[in-house]
$ cat query_31.pdb   # PDB, C-alpha atoms, pLDDT in the B column
ATOM      1  CA  MET A 247      13.578 -18.017  14.621  1.00 59.00           C
ATOM      2  CA  ASN A 248      10.748 -19.275  12.420  1.00 66.00           C
ATOM      3  CA  VAL A 249       7.989 -17.242  10.803  1.00 64.00           C
ATOM      4  CA  GLN A 250       5.514 -19.186  12.951  1.00 68.00           C
ATOM      5  CA  ASP A 251       7.120 -17.601  16.020  1.00 74.00           C
ATOM      6  CA  ILE A 252       5.996 -14.094  14.972  1.00 80.00           C
ATOM      7  CA  LYS A 253       2.423 -13.098  15.816  1.00 84.00           C
ATOM      8  CA  ALA A 254       0.767  -9.727  15.207  1.00 85.00           C
ATOM      9  CA  PHE A 255      -0.573  -7.971  18.300  1.00 86.00           C
ATOM     10  CA  LYS A 256      -3.529  -5.568  18.838  1.00 94.00           C
ATOM     11  CA  SER A 257      -4.391  -3.790  15.551  1.00 93.00           C
ATOM     12  CA  ASN A 258      -1.230  -4.826  13.676  1.00 93.00           C
ATOM     13  CA  VAL A 259      -0.927  -7.107  10.664  1.00 94.00           C
ATOM     14  CA  LEU A 260       2.019  -9.319   9.728  1.00 92.00           C
ATOM     15  CA  LEU A 261       2.569  -9.428   5.957  1.00 91.00           C
ATOM     16  CA  GLU A 262       4.779 -11.579   3.737  1.00 89.00           C
ATOM     17  CA  MET A 263       5.949 -10.327   0.352  1.00 84.00           C
ATOM     18  CA  PRO A 264       8.527 -11.517  -2.163  1.00 77.00           C
ATOM     19  CA  ARG A 265      11.891  -9.981  -1.364  1.00 70.00           C
ATOM     20  CA  GLN A 266      12.995  -7.323  -3.817  1.00 63.00           C
ATOM     21  CA  ILE A 267      16.187  -8.114  -5.698  1.00 56.00           C
ATOM     22  CA  GLU A 268      18.686  -5.368  -6.475  1.00 57.00           C
ATOM     23  CA  GLN A 269      18.075  -3.956  -9.932  1.00 58.00           C
ATOM     24  CA  THR A 270      20.607  -2.588 -12.413  1.00 62.00           C
ATOM     25  CA  THR A 271      19.709   0.299 -14.728  1.00 63.00           C
ATOM     26  CA  LYS A 272      20.639   0.310 -18.430  1.00 69.00           C
ATOM     27  CA  ALA A 273      23.514   2.640 -17.525  1.00 71.00           C
ATOM     28  CA  GLY A 274      24.862   0.063 -15.058  1.00 72.00           C
ATOM     29  CA  LEU A 275      23.787   1.764 -11.815  1.00 64.00           C
ATOM     30  CA  ILE A 276      22.773  -0.683  -9.078  1.00 59.00           C
ATOM     31  CA  LEU A 277      19.586   0.331  -7.295  1.00 55.00           C
ATOM     32  CA  PRO A 278      19.386  -0.982  -3.736  1.00 54.00           C
ATOM     33  CA  THR A 279      16.136  -2.671  -2.777  1.00 54.00           C
ATOM     34  CA  ASN A 280      14.902   0.203  -0.590  1.00 51.00           C
ATOM     35  CA  SER A 281      15.087   2.669  -3.498  1.00 45.00           C
ATOM     36  CA  THR A 282      12.853   0.519  -5.695  1.00 46.00           C
ATOM     37  CA  LYS A 283      10.142   0.159  -3.023  1.00 52.00           C
ATOM     38  CA  ASN A 284       9.662   3.824  -2.122  1.00 52.00           C
ATOM     39  CA  GLY A 285       6.564   5.253  -3.764  1.00 61.00           C
ATOM     40  CA  ARG A 286       5.460   1.798  -4.872  1.00 73.00           C
ATOM     41  CA  LEU A 287       2.224   0.125  -3.877  1.00 78.00           C
ATOM     42  CA  VAL A 288       2.767  -3.647  -3.549  1.00 80.00           C
ATOM     43  CA  SER A 289       0.796  -6.722  -2.629  1.00 83.00           C
ATOM     44  CA  ALA A 290       1.526  -9.049   0.244  1.00 88.00           C
ATOM     45  CA  LYS A 291      -0.042 -12.060   1.907  1.00 92.00           C
ATOM     46  CA  VAL A 292      -1.472 -11.652   5.420  1.00 95.00           C
ATOM     47  CA  LEU A 293       0.216 -14.170   7.741  1.00 93.00           C
ATOM     48  CA  SER A 294      -1.112 -13.038  11.113  1.00 94.00           C
ATOM     49  CA  VAL A 295      -3.565 -10.463  12.475  1.00 95.00           C
ATOM     50  CA  GLY A 296      -3.868  -8.945  15.930  1.00 94.00           C
ATOM     51  CA  GLU A 297      -7.015  -9.396  18.008  1.00 96.00           C
ATOM     52  CA  LYS A 298      -8.292  -5.869  17.189  1.00 96.00           C
ATOM     53  CA  VAL A 299      -7.987  -6.200  13.391  1.00 94.00           C
ATOM     54  CA  ILE A 300     -11.397  -5.953  11.720  1.00 94.00           C
ATOM     55  CA  ASP A 301     -11.157  -5.766   7.924  1.00 94.00           C
ATOM     56  CA  VAL A 302      -8.514  -8.327   6.916  1.00 95.00           C
ATOM     57  CA  ALA A 303      -7.923 -11.982   7.721  1.00 95.00           C
ATOM     58  CA  GLU A 304      -5.071 -14.450   7.546  1.00 94.00           C
ATOM     59  CA  GLY A 305      -4.548 -15.564   3.943  1.00 93.00           C
ATOM     60  CA  ASP A 306      -5.860 -12.334   2.372  1.00 94.00           C
ATOM     61  CA  ARG A 307      -3.708 -10.586  -0.235  1.00 92.00           C
ATOM     62  CA  VAL A 308      -3.538  -6.847   0.435  1.00 91.00           C
ATOM     63  CA  LEU A 309      -2.034  -3.667  -1.010  1.00 88.00           C
ATOM     64  CA  PHE A 310       0.235  -1.455   1.088  1.00 87.00           C
ATOM     65  CA  TYR A 311       3.238   0.857   0.871  1.00 80.00           C
ATOM     66  CA  PRO A 312       6.320  -1.011   2.152  1.00 76.00           C
ATOM     67  CA  LYS A 313       7.666   2.238   3.595  1.00 73.00           C
ATOM     68  CA  SER A 314       4.613   2.385   5.894  1.00 64.00           C
ATOM     69  CA  GLY A 315       5.833  -0.518   7.995  1.00 64.00           C
ATOM     70  CA  ASP A 316       8.914  -2.118   9.423  1.00 64.00           C
ATOM     71  CA  SER A 317      10.615  -5.050   7.786  1.00 65.00           C
ATOM     72  CA  VAL A 318      10.900  -7.475  10.687  1.00 73.00           C
ATOM     73  CA  TRP A 319      12.488 -10.500   9.072  1.00 68.00           C
ATOM     74  CA  ARG A 320      14.098 -11.578   5.824  1.00 68.00           C
ATOM     75  CA  ASN A 321      13.928 -15.222   4.871  1.00 66.00           C
ATOM     76  CA  THR A 322      16.716 -15.615   2.338  1.00 62.00           C
ATOM     77  CA  ASP A 323      15.895 -19.291   1.730  1.00 66.00           C
ATOM     78  CA  ALA A 324      12.333 -18.487   0.635  1.00 66.00           C
ATOM     79  CA  ASN A 325      13.332 -15.060  -0.790  1.00 76.00           C
ATOM     80  CA  THR A 326      10.604 -13.325   1.231  1.00 81.00           C
ATOM     81  CA  GLU A 327      10.391 -10.394   3.596  1.00 83.00           C
ATOM     82  CA  LEU A 328       7.988  -9.893   6.525  1.00 85.00           C
ATOM     83  CA  TYR A 329       6.425  -6.529   7.386  1.00 88.00           C
ATOM     84  CA  LEU A 330       4.565  -5.562  10.536  1.00 89.00           C
ATOM     85  CA  ILE A 331       2.142  -2.694   9.879  1.00 91.00           C
ATOM     86  CA  PRO A 332      -0.965  -1.153  11.464  1.00 92.00           C
ATOM     87  CA  GLU A 333      -4.204  -2.314   9.847  1.00 94.00           C
ATOM     88  CA  GLY A 334      -4.973   1.289   8.860  1.00 91.00           C
ATOM     89  CA  HIS A 335      -1.976   1.321   6.504  1.00 90.00           C
ATOM     90  CA  ILE A 336      -3.524  -1.340   4.282  1.00 92.00           C
ATOM     91  CA  ILE A 337      -4.883   0.327   1.153  1.00 89.00           C
ATOM     92  CA  ALA A 338      -7.064  -2.511  -0.224  1.00 90.00           C
ATOM     93  CA  VAL A 339      -7.761  -6.245  -0.182  1.00 91.00           C
ATOM     94  CA  LEU A 340      -7.275  -7.982  -3.544  1.00 87.00           C
ATOM     95  CA  GLU A 341     -10.152 -10.290  -4.360  1.00 80.00           C
ATOM     96  CA  ASP A 342      -8.291 -12.455  -6.904  1.00 69.00           C
ATOM     97  CA  GLY A 343      -5.187 -12.859  -4.727  1.00 53.00           C
ATOM     98  CA  GLU A 344      -2.747 -12.054  -7.554  1.00 56.00           C
ATOM     99  CA  GLU A 345       0.595 -10.261  -7.327  1.00 56.00           C
ATOM    100  CA  PHE A 346       0.344  -6.517  -7.868  1.00 54.00           C
ATOM    101  CA  ALA A 347       2.691  -3.549  -7.959  1.00 52.00           C
ATOM    102  CA  VAL A 348       2.245  -0.021  -9.257  1.00 52.00           C
ATOM    103  CA  ASP A 349       4.452   3.060  -9.230  1.00 49.00           C
ATOM    104  CA  VAL A 350       2.921   5.987  -7.386  1.00 48.00           C
ATOM    105  CA  GLU A 351       3.970   9.610  -7.872  1.00 47.00           C
ATOM    106  CA  SER A 352       5.204  11.166  -4.624  1.00 43.00           C
TER     107      SER A 352
END

$ encode --input "query_31.pdb" --output "structure tokens"
Amino acid sequence: MNVQDIKAFKSNVLLEMPRQIEQTTKAGLILPTNSTKNGRLVSAKVLSVGEKVIDVAEGDRVLFYPKSGDSVWRNTDANTELYLIPEGHIIAVLEDGEEFAVDVES
């Protein structure tokens, strides 16, 4: 399967973000990728939008919570992960298109 084979439908948005690498704490504990994403607002590139999406377009860089969507595909060669989320779960569109991540208190 190729990323080109996945298309968003209705009011959903297909996002691509760099895949999180396992992190090790100073004490030597290994944090799995899903523990580092919870409560974290991250940026992703919009790859595909459904026909009912209004406020974002392909190529936009947006902010969202990874836990608000489903990871649908991991491309280990490109070290990226695809998420399929409803448009309403997008927090903001970044004008400058830069990478962004911030910790958010739960």

$ resolve_selection --input "query_31.pdb" --expression "the PyMOL selection byres ((chain A and resi 306-308) around 8)" --output "mmCIF file with C-alpha atoms, in the coordinates of the input"
data_model
loop_
_atom_site.group_PDB
_atom_site.id
_atom_site.type_symbol
_atom_site.label_atom_id
_atom_site.label_comp_id
_atom_site.auth_asym_id
_atom_site.auth_seq_id
_atom_site.Cartn_x
_atom_site.Cartn_y
_atom_site.Cartn_z
ATOM 1 C CA SER A 289 0.796 -6.722 -2.629
ATOM 2 C CA ALA A 290 1.526 -9.049 0.244
ATOM 3 C CA LYS A 291 -0.042 -12.060 1.907
ATOM 4 C CA VAL A 292 -1.472 -11.652 5.420
ATOM 5 C CA VAL A 302 -8.514 -8.327 6.916
ATOM 6 C CA ALA A 303 -7.923 -11.982 7.721
ATOM 7 C CA GLU A 304 -5.071 -14.450 7.546
ATOM 8 C CA GLY A 305 -4.548 -15.564 3.943
ATOM 9 C CA LEU A 309 -2.034 -3.667 -1.010
ATOM 10 C CA PHE A 310 0.235 -1.455 1.088
ATOM 11 C CA ILE A 336 -3.524 -1.340 4.282
ATOM 12 C CA ILE A 337 -4.883 0.327 1.153
ATOM 13 C CA ALA A 338 -7.064 -2.511 -0.224
ATOM 14 C CA VAL A 339 -7.761 -6.245 -0.182
ATOM 15 C CA LEU A 340 -7.275 -7.982 -3.544
ATOM 16 C CA GLU A 341 -10.152 -10.290 -4.360
ATOM 17 C CA GLY A 343 -5.187 -12.859 -4.727
ATOM 18 C CA GLU A 344 -2.747 -12.054 -7.554
#

$ closest_residue --input "query_31.pdb" --among "A:Val288, A:Ile300, A:Leu330, A:His335" --to "Val259 in chain A" --atoms "all atoms listed in the file"
A:Leu330

$ atom_distance --input "query_31.pdb" --atom1 "CA of Ser257 in chain A" --atom2 "CA of Asn325 in chain A"
26.6 Å

$ closest_residue --input "query_31.pdb" --among "A:Lys298, A:Arg286, A:Arg265, A:Lys313" --to "Thr326 in chain A" --atoms "all atoms listed in the file"
A:Arg265

$ atom_distance --input "query_31.pdb" --atom1 "CA of Phe255 in chain A" --atom2 "CA of Glu327 in chain A"
18.5 Å

$ atom_distance --input "query_31.pdb" --atom1 "CA of Val318 in chain A" --atom2 "CA of Asp301 in chain A"
22.3 Å

$ closest_residue --input "query_31.pdb" --among "A:Leu261, A:Ala254, A:Val299, A:Leu293" --to "Pro312 in chain A" --atoms "only C-alpha atoms"
A:Leu261

$ closest_residue --input "query_31.pdb" --among "A:Leu328, A:Met263, A:Ile252, A:Ala273" --to "Leu287 in chain A" --atoms "all atoms listed in the file"
A:Met263
